[in-house]
Amino acid sequence: MKLSLSTLLRWLLSFGIALAFQDDLLKKCSQSGFCHRNRQYAKNIQESRNSHYSLDQGSLEFDTNNHTIQGFIIKSIKANQKDIKIPLPFTLDLFDGDKVRFRLDEHRSIKLGKAGINLQRYNETEHWAFDPDYIPIRQEVIAKSPTFWNKKDFTFTADRFTVTLSSQDFQINVKYDSADVLTVNSDNMLNFEHYRTLEENFENINEEEEPFNMFKDSFADSKSDSIPLGPESVALDFKFHGISNLYGIAEHADSLRLRDTSNIDPYRLYNVDVFQYKLNSTLPMYGSIPFVVGIKESLSIGLFWMNPSDTWIDIQYGHSDSSTHWMSESGIIDFIVIVQETPKLVTESYVNITGKPMLPLLSSVGYHQCRWNYNDEKDVLTVDSLMDKWQIPYDFLWLDLEYTDQKQYFTWKPDAFPNPTRMLSKLAFLGRNLVTLIDPHIKSNYHISEAIIAAKVYVRNALNKPFFGQCWPGESIWIDTFNPLASKLWSKFVQTFISTPSNLYIWNDMNEPSIFDGPETTAPKDLLHYNGFEERSVHNLYGLTVHQATYDSFVDMNPNKRPFVLTRSFFSGSQRTAATWTGDNVANWEYLQLSIPMVLSHNIVGMPATGADIAGFFGNPDDELLIRWYQAGIWYPFFRAHAHIDTRRREPFLLNERTRSVVTEFIRLRYQLLPTLYTAFHDSHSRGIPIMNPMIYEHPNVANFYDIDDQFYLGEQGILVKPVTSANTKSIPITFPSGVFYDLQNLEIAHFGTLETKTVSAPLEKLPAYIAGGHIITRKDQYRRSSRLMQNDPYTLVIAPTAYGTAKGRLYVDDGETFAYKQGKLLEVELEYNKNVIYGTVLHKDTSSFFNDISIEKIVIAHHPDGKVAETCTLELDDIRTNIEVIHEDHSHVIKNPGIQIGQDWKIIL
């Protein structure tokens with residue numbers, strides 16, 4: 001049997017032989033038919049200054065019920081002495097006060113072709129990407145007909161928007177508050193490859209177009225692609241006026257600010273399996289979120305390109321403007337423009353469409369210990385007991401592939417895990433959880449795959465037969481979770497495996513899908529899915545359908561228990577039901593450095609529950625790298641250590657005394673800050689804002705922060721972090737915004753004044769982290785073995801005042817496990833410090849909840865420039881006044897055991 005390079009590399013990996021990813025497994029733009037064609041078309045059309053698309057003025061009409069503009073764009077083709085007109089129907093919506101949506105499709109009279117292929121363009125992305133509960137707020141649109149002096153333009157206004165459709169050279173100009181903010185098709189790069197047969201092709205191409213790979217694929221690993229519908233790519237350009245800083249389009253191992261791609265390959269969104277992925281690269285990765293954010297002072301723009309097919313994006317920066325050129329292999333043109341005053345509001349608005357990030361289990365915000373693989377029940381319970389012996393808190397243990405019986409998912413290896421229920425019960429005793437890997441490829445000739453075949457819910461090949469490919473079990477089939485019946489069947493598999501609601505959860509890996517003998521490490525593009533749509537049209541959605549089915553399985557089994565699902569592949573909307581991570585990284589400094597902008601990028605495109613494998617999946621980190629990676633990793637929203645099967649064991653208790661001590665200290669810091677972290681998660685869940693928050697999101701009007709992606713904030717909690725990401729470092733520069741900043745560990749003032757870059761001390765045991773003046777954070781300082789055991793522990797309040805002696809904070813608490821918070825079973829407290837008076841005000845509480853009665857054991861107030869505190873303070877509680885001693889320390893004032901419960905209103909006068 002002849003093996004492709006991708007298959008050989010994957011099989012070597014399965015034997016524990018770690019090899020770097022080969023870039024030539026993936027197409028370059030010049031090798032991708034539709035990318036090459038559209039890039040060349042863009043170049044040619046700018047040189048020719050032609051325009052082949054115009055607005056059919058007579059077709060415009062209004063849907064008065066939905067306030068929607070409808071009509072046709074005419075594509076003109078002049079070839080072989082023929083003049084062909086292709087009408088392309090469009091709709092234009094203005095809604096929610098800050099959004100414009102445009103859709104451009106193609107009428108095809110025949111729906112189904114041979115072998116059950118759907119001939120219509122895929123237009124069901126919103127079914128998966130949109131929040132099921134999202135209802136757009138329609139706006140009354142006022143139309144202005146062309147004037148005598150200008151017969152080309154049609155203008156529509158709604159609220160703060162003015163949208164102008166140019167007729168002759170089709171363009172859409174968007175104004176916001178009367179200022180130009182975005183022009184669609186500014187450079188006439190619109191290209192809509194309409195349906196035609198090979199025989200008709202020569203008379204359906206304009207002179208600026210190239211026929212490269214329209215009906216075939218010359219790339220070595222995908223030459224068998226039948227391309228049954230011929231060329232059907234769509235492309236469009238967007239000019240951002242006055243904006244020269246663009247961010248987003250996760251997932252890429254690159255800087256937070258997107259680079260100019262004029263002289264390199266475009267960014268590519270195409271979910272593939274890229275082990276040891278290349279850094280500082282525009283190459284595709286495991287997930288795709290086609291959302292970009294442009295930022296300038298006092299205005300930000302979001303662009304959501306709603307297309308799940310293989311997509312390339314060129315970025316070009318001008319003197320004061322910037323342009324993006326989007327090129328997708330198939331589907332329709334469907335995009336949403338969002339305009340807001342700040343980038344954070346843009347992300348919030350985008351997440352309002354695609355769904356709020358899940359509110360996770362509180363335990364999942366703790367520490368996760370994983371490797372490929374823990375060998376058996378004894379190994380699992382030994383790790384569990386040694387974490388306790390060395391007093392290292394944790395909440396989740398993970399089992400990778402080898403726990404299964406012959407790599408058959410939904411099974412346990414009988415000699416290694418003879419009694420999973422017993423093992424799970426022992427973990428549950430101290431509040432611990434277990435996660436097992438379950439992937440969408442199912443081993444052939446196994447009762448699960450036979451059930452999938454019997455139900456006819458498998459992914460099909462181009463001949464409409466079951467598709468078989470190679471993955472971890474060898475020959476496998478893939479379940480087609482686009483099919484509702486497949487999701488129901490998957491739910492039965494999951495529920496039988498879980499058996500009862502418990503502390504067992506699921507990790508969906510390899511769901512790009514990864515196929516060892518597939519082109520570009522993934523699925524052939526002419527595979528068929530539910531309703532006859534090709535893989536090429538829905539590829540980037542597949543991973544979402546898998547983890548959505550897994551999540552729904554848990555909810556169906558126990559509607560009141562929050563699931564935990566980790567997915568490797570994702571799309572817009574994945575944040576509603578899953579966490580993710582940055583995949584198969586490497587234990588070196590460069591991967592640590594890039595993990596920060598990668599996680600930040602995920603956060604601004606609405607996928608906040610993201611982390612990176614600590615301290616590198618491949619390779620063996622030295623002690624310094626281990627320490628620095630844990631110091632950075634405690635700020636990842638998803639905090640997990642993971643390692644390849646071929647690496648040395650490196651659980652924290654195995655490290656040498658000094659390294660273990662420092663690593664343990666920082667894991668414990670994560671647990672101390674769980675109340676603050678969980679509040680940040682709730683903010684993200686309720687509003688869609690980042691958890692790991694870029695500097696530019698908190699200071700959008702400060703140009704100094706546009707390029708900074710190596711320091712960040714924890715949500716809106718005021719904690720500023722600058723991880724050390726280079727070897728042999730004793731000090732690092734950090735850029736402080738204006739204000740007062742206190743050292744997180746000892747509350748010493750680290751900065752007081754205007755914007756400034758300072759060099760701060762950063763010895764190996766030190767993490768440069770600070771609290772911004774004006775914030776109050778909450779901690780739980782007692783050591784416990786897991787988050788569940790911390791539930792009744794008292795709180796510590798840490799107050800970091802501004803120079804004017806003011807600060808605010810908020811605490812969110814619920815049971816951490818169920819959906820009861822949706823019925824109001826929660827506690828929300830506002831904390832305020834104002835001129836030596838501290839207030840605790842309950843915003844919401846459910847009187848039956850246990851967490852109302854948890855005490856505050858300590859209040860710590862940082863010394864601030866204008867603060868003077870007496871020897872005693874007065875507590876006012878339930879109309880009773882009590883004097884309490886104030887302890888003065890080097891950098892803080894401390895009030896111990898004030899006799900306050902967190903669910904009470906109270907006031908302390910200093």
# chains A, B, ... in the order shown; residues from 1 in each chain; ligands from 1
call {"tool": "residues_around", "arguments": {"residues": "His325 of chain A", "least_positions_apart": "2", "cutoff": "6 Å", "atoms": "only C-alpha atoms", "output": "VMD selection string"}}
result
chain A and resid 236 to 237 313 to 314
call {"tool": "closest_atom_pairs", "arguments": {"of": "segment 234-351 of chain A", "to": "segment 106-111 of chain A", "cutoff": "10 Å", "atoms": "only C-alpha atoms", "output": "JSON lines"}}
result
{"residue": "A:Gly331", "atom": "CA", "partner": "A:Glu106", "partner_atom": "CA", "distance": 9.5}
{"residue": "A:Ile332", "atom": "CA", "partner": "A:Glu106", "partner_atom": "CA", "distance": 7.8}
{"residue": "A:Ile333", "atom": "CA", "partner": "A:Glu106", "partner_atom": "CA", "distance": 9.9}
call {"tool": "write_last_selection", "arguments": {"atoms": "C-alpha atoms", "output": "tab-separated table (two decimals), in the first residue's frame"}}
result
chain	number	residue	atom	x	y	z
A	331	GLY	CA	-21.60	29.05	-0.48
A	332	ILE	CA	-23.19	32.48	-0.60
A	333	ILE	CA	-21.94	35.93	0.27
call {"tool": "residues_around", "arguments": {"residues": "Leu397 of chain A", "least_positions_apart": "2", "cutoff": "12 Å", "atoms": "only C-alpha atoms", "output": "PDB file with C-alpha atoms, in the first residue's frame"}}
result
ATOM      1  CA  SER A 363     -14.666  23.319  38.876  1.00  0.00           C
ATOM      2  CA  SER A 364     -13.674  23.666  35.204  1.00  0.00           C
ATOM      3  CA  GLY A 366      -9.716  25.220  38.275  1.00  0.00           C
ATOM      4  CA  TYR A 367      -6.640  23.222  37.318  1.00  0.00           C
ATOM      5  CA  HIS A 368      -6.765  20.343  34.803  1.00  0.00           C
ATOM      6  CA  GLN A 369      -4.082  17.640  34.829  1.00  0.00           C
ATOM      7  CA  CYS A 370      -3.732  15.705  31.573  1.00  0.00           C
ATOM      8  CA  ARG A 371      -1.308  13.693  29.489  1.00  0.00           C
ATOM      9  CA  TRP A 372      -1.408  11.189  26.682  1.00  0.00           C
ATOM     10  CA  ASN A 373      -1.938   8.894  28.571  1.00  0.00           C
ATOM     11  CA  TYR A 374      -2.612   7.813  32.145  1.00  0.00           C
ATOM     12  CA  GLU A 377      -6.926   3.000  37.195  1.00  0.00           C
ATOM     13  CA  ASP A 379      -2.073   5.390  37.564  1.00  0.00           C
ATOM     14  CA  VAL A 380      -5.084   7.725  37.765  1.00  0.00           C
ATOM     15  CA  LEU A 381      -5.558   7.224  41.495  1.00  0.00           C
ATOM     16  CA  THR A 382      -1.821   7.545  42.147  1.00  0.00           C
ATOM     17  CA  VAL A 383      -1.748  10.922  40.431  1.00  0.00           C
ATOM     18  CA  ASP A 384      -4.803  11.894  42.456  1.00  0.00           C
ATOM     19  CA  SER A 385      -3.225  10.900  45.784  1.00  0.00           C
ATOM     20  CA  MET A 387      -1.459  15.783  44.145  1.00  0.00           C
ATOM     21  CA  PRO A 393      -5.107  21.642  44.229  1.00  0.00           C
ATOM     22  CA  TYR A 394      -6.755  20.350  41.091  1.00  0.00           C
ATOM     23  CA  ASP A 395     -10.237  19.606  39.758  1.00  0.00           C
ATOM     24  CA  LEU A 399      -7.713  10.360  29.820  1.00  0.00           C
ATOM     25  CA  ASP A 400      -6.478  10.493  26.256  1.00  0.00           C
ATOM     26  CA  MET A 423     -12.563   4.952  39.969  1.00  0.00           C
ATOM     27  CA  LEU A 424     -14.989   7.811  39.310  1.00  0.00           C
ATOM     28  CA  LEU A 427     -12.360  10.916  42.417  1.00  0.00           C
ATOM     29  CA  ALA A 428     -15.794  12.334  43.220  1.00  0.00           C
ATOM     30  CA  GLY A 431     -14.879  16.820  44.203  1.00  0.00           C
ATOM     31  CA  ARG A 432     -12.642  15.735  41.326  1.00  0.00           C
ATOM     32  CA  ASN A 433     -13.790  15.062  37.758  1.00  0.00           C
ATOM     33  CA  LEU A 434     -12.603  12.926  34.859  1.00  0.00           C
ATOM     34  CA  VAL A 435     -12.603  13.750  31.139  1.00  0.00           C
ATOM     35  CA  THR A 436     -12.340  11.096  28.433  1.00  0.00           C
ATOM     36  CA  LEU A 437     -11.532  11.598  24.775  1.00  0.00           C
ATOM     37  CA  ASN A 503     -18.246  13.476  37.295  1.00  0.00           C
ATOM     38  CA  LEU A 504     -17.396  12.099  33.841  1.00  0.00           C
ATOM     39  CA  TYR A 505     -17.120  14.539  30.921  1.00  0.00           C
ATOM     40  CA  ILE A 506     -16.078  14.430  27.252  1.00  0.00           C
ATOM     41  CA  TRP A 507     -13.335  15.860  25.067  1.00  0.00           C
ATOM     42  CA  ARG A 640      -4.677  22.633  31.632  1.00  0.00           C
ATOM     43  CA  ALA A 641      -1.314  20.893  31.641  1.00  0.00           C
ATOM     44  CA  HIS A 642      -0.954  18.324  28.855  1.00  0.00           C
ATOM     45  CA  GLU A 651       3.110  16.268  36.935  1.00  0.00           C
ATOM     46  CA  SER A 786     -10.515  21.138  44.902  1.00  0.00           C
TER      47      SER A 786
END
call {"tool": "closest_residue", "arguments": {"among": "A:Asn588, A:Asn307, A:Asn173, A:Asn834", "to": "Tyr122 of chain A", "atoms": "only C-alpha atoms"}}
result
A:Asn307
call {"tool": "residues_around", "arguments": {"residues": "Ala587 of chain A", "least_positions_apart": "5", "cutoff": "8 Å", "atoms": "only C-alpha atoms", "output": "JSON, numbers by chain"}}
result
{"A": [592, 615, 616, 617, 618, 619, 620, 621, 625]}
call {"tool": "write_last_selection", "arguments": {"atoms": "C-alpha atoms", "output": "PDB file, in the first residue's frame"}}
result
ATOM      1  CA  LEU A 592       4.807  30.150  25.142  1.00  0.00           C
ATOM      2  CA  ALA A 615       4.139  23.480  29.271  1.00  0.00           C
ATOM      3  CA  GLY A 616       4.033  22.361  25.648  1.00  0.00           C
ATOM      4  CA  PHE A 617       2.469  19.183  24.240  1.00  0.00           C
ATOM      5  CA  PHE A 618       5.576  18.015  22.356  1.00  0.00           C
ATOM      6  CA  GLY A 619       8.991  17.945  23.997  1.00  0.00           C
ATOM      7  CA  ASN A 620      10.438  18.181  27.488  1.00  0.00           C
ATOM      8  CA  PRO A 621      10.544  21.673  29.016  1.00  0.00           C
ATOM      9  CA  LEU A 625      10.216  27.079  31.056  1.00  0.00           C
TER      10      LEU A 625
END
call {"tool": "atom_distance", "arguments": {"atom1": "atom CA of Tyr839 of chain A", "atom2": "atom CA of Gly809 of chain A"}}
result
10.3 Å
call {"tool": "select_by_dssp", "arguments": {"residues": "segment 269-387 of chain A", "states": "alpha helix (DSSP H)", "output": "VMD selection string"}}
result
chain A and resid 343 to 354 377 to 387
call {"tool": "write_last_selection", "arguments": {"atoms": "C-alpha atoms", "output": "PDB file, in the first residue's frame"}}
result
ATOM      1  CA  PRO A 343     -14.022  47.219  20.266  1.00  0.00           C
ATOM      2  CA  LYS A 344     -15.458  45.650  23.418  1.00  0.00           C
ATOM      3  CA  LEU A 345     -18.941  46.764  22.384  1.00  0.00           C
ATOM      4  CA  VAL A 346     -18.321  45.294  18.906  1.00  0.00           C
ATOM      5  CA  THR A 347     -17.460  41.912  20.430  1.00  0.00           C
ATOM      6  CA  GLU A 348     -20.485  42.117  22.713  1.00  0.00           C
ATOM      7  CA  SER A 349     -22.720  42.865  19.728  1.00  0.00           C
ATOM      8  CA  TYR A 350     -21.253  39.992  17.695  1.00  0.00           C
ATOM      9  CA  VAL A 351     -21.764  37.606  20.624  1.00  0.00           C
ATOM     10  CA  ASN A 352     -25.347  38.804  20.912  1.00  0.00           C
ATOM     11  CA  ILE A 353     -25.853  37.222  17.472  1.00  0.00           C
ATOM     12  CA  THR A 354     -23.776  34.068  17.819  1.00  0.00           C
ATOM     13  CA  GLU A 377      -6.926   3.000  37.195  1.00  0.00           C
ATOM     14  CA  LYS A 378      -3.919   2.680  39.501  1.00  0.00           C
ATOM     15  CA  ASP A 379      -2.073   5.390  37.564  1.00  0.00           C
ATOM     16  CA  VAL A 380      -5.084   7.725  37.765  1.00  0.00           C
ATOM     17  CA  LEU A 381      -5.558   7.224  41.495  1.00  0.00           C
ATOM     18  CA  THR A 382      -1.821   7.545  42.147  1.00  0.00           C
ATOM     19  CA  VAL A 383      -1.748  10.922  40.431  1.00  0.00           C
ATOM     20  CA  ASP A 384      -4.803  11.894  42.456  1.00  0.00           C
ATOM     21  CA  SER A 385      -3.225  10.900  45.784  1.00  0.00           C
ATOM     22  CA  LEU A 386       0.169  12.471  45.029  1.00  0.00           C
ATOM     23  CA  MET A 387      -1.459  15.783  44.145  1.00  0.00           C
TER      24      MET A 387
END
call {"tool": "residues_around", "arguments": {"residues": "Pro290 of chain A", "least_positions_apart": "2", "cutoff": "10 Å", "atoms": "only C-alpha atoms", "output": "PyMOL selection string"}}
result
chain A and resi 248-251+268-269+287-288+292+303-308+311-313+326+335+571-572+605
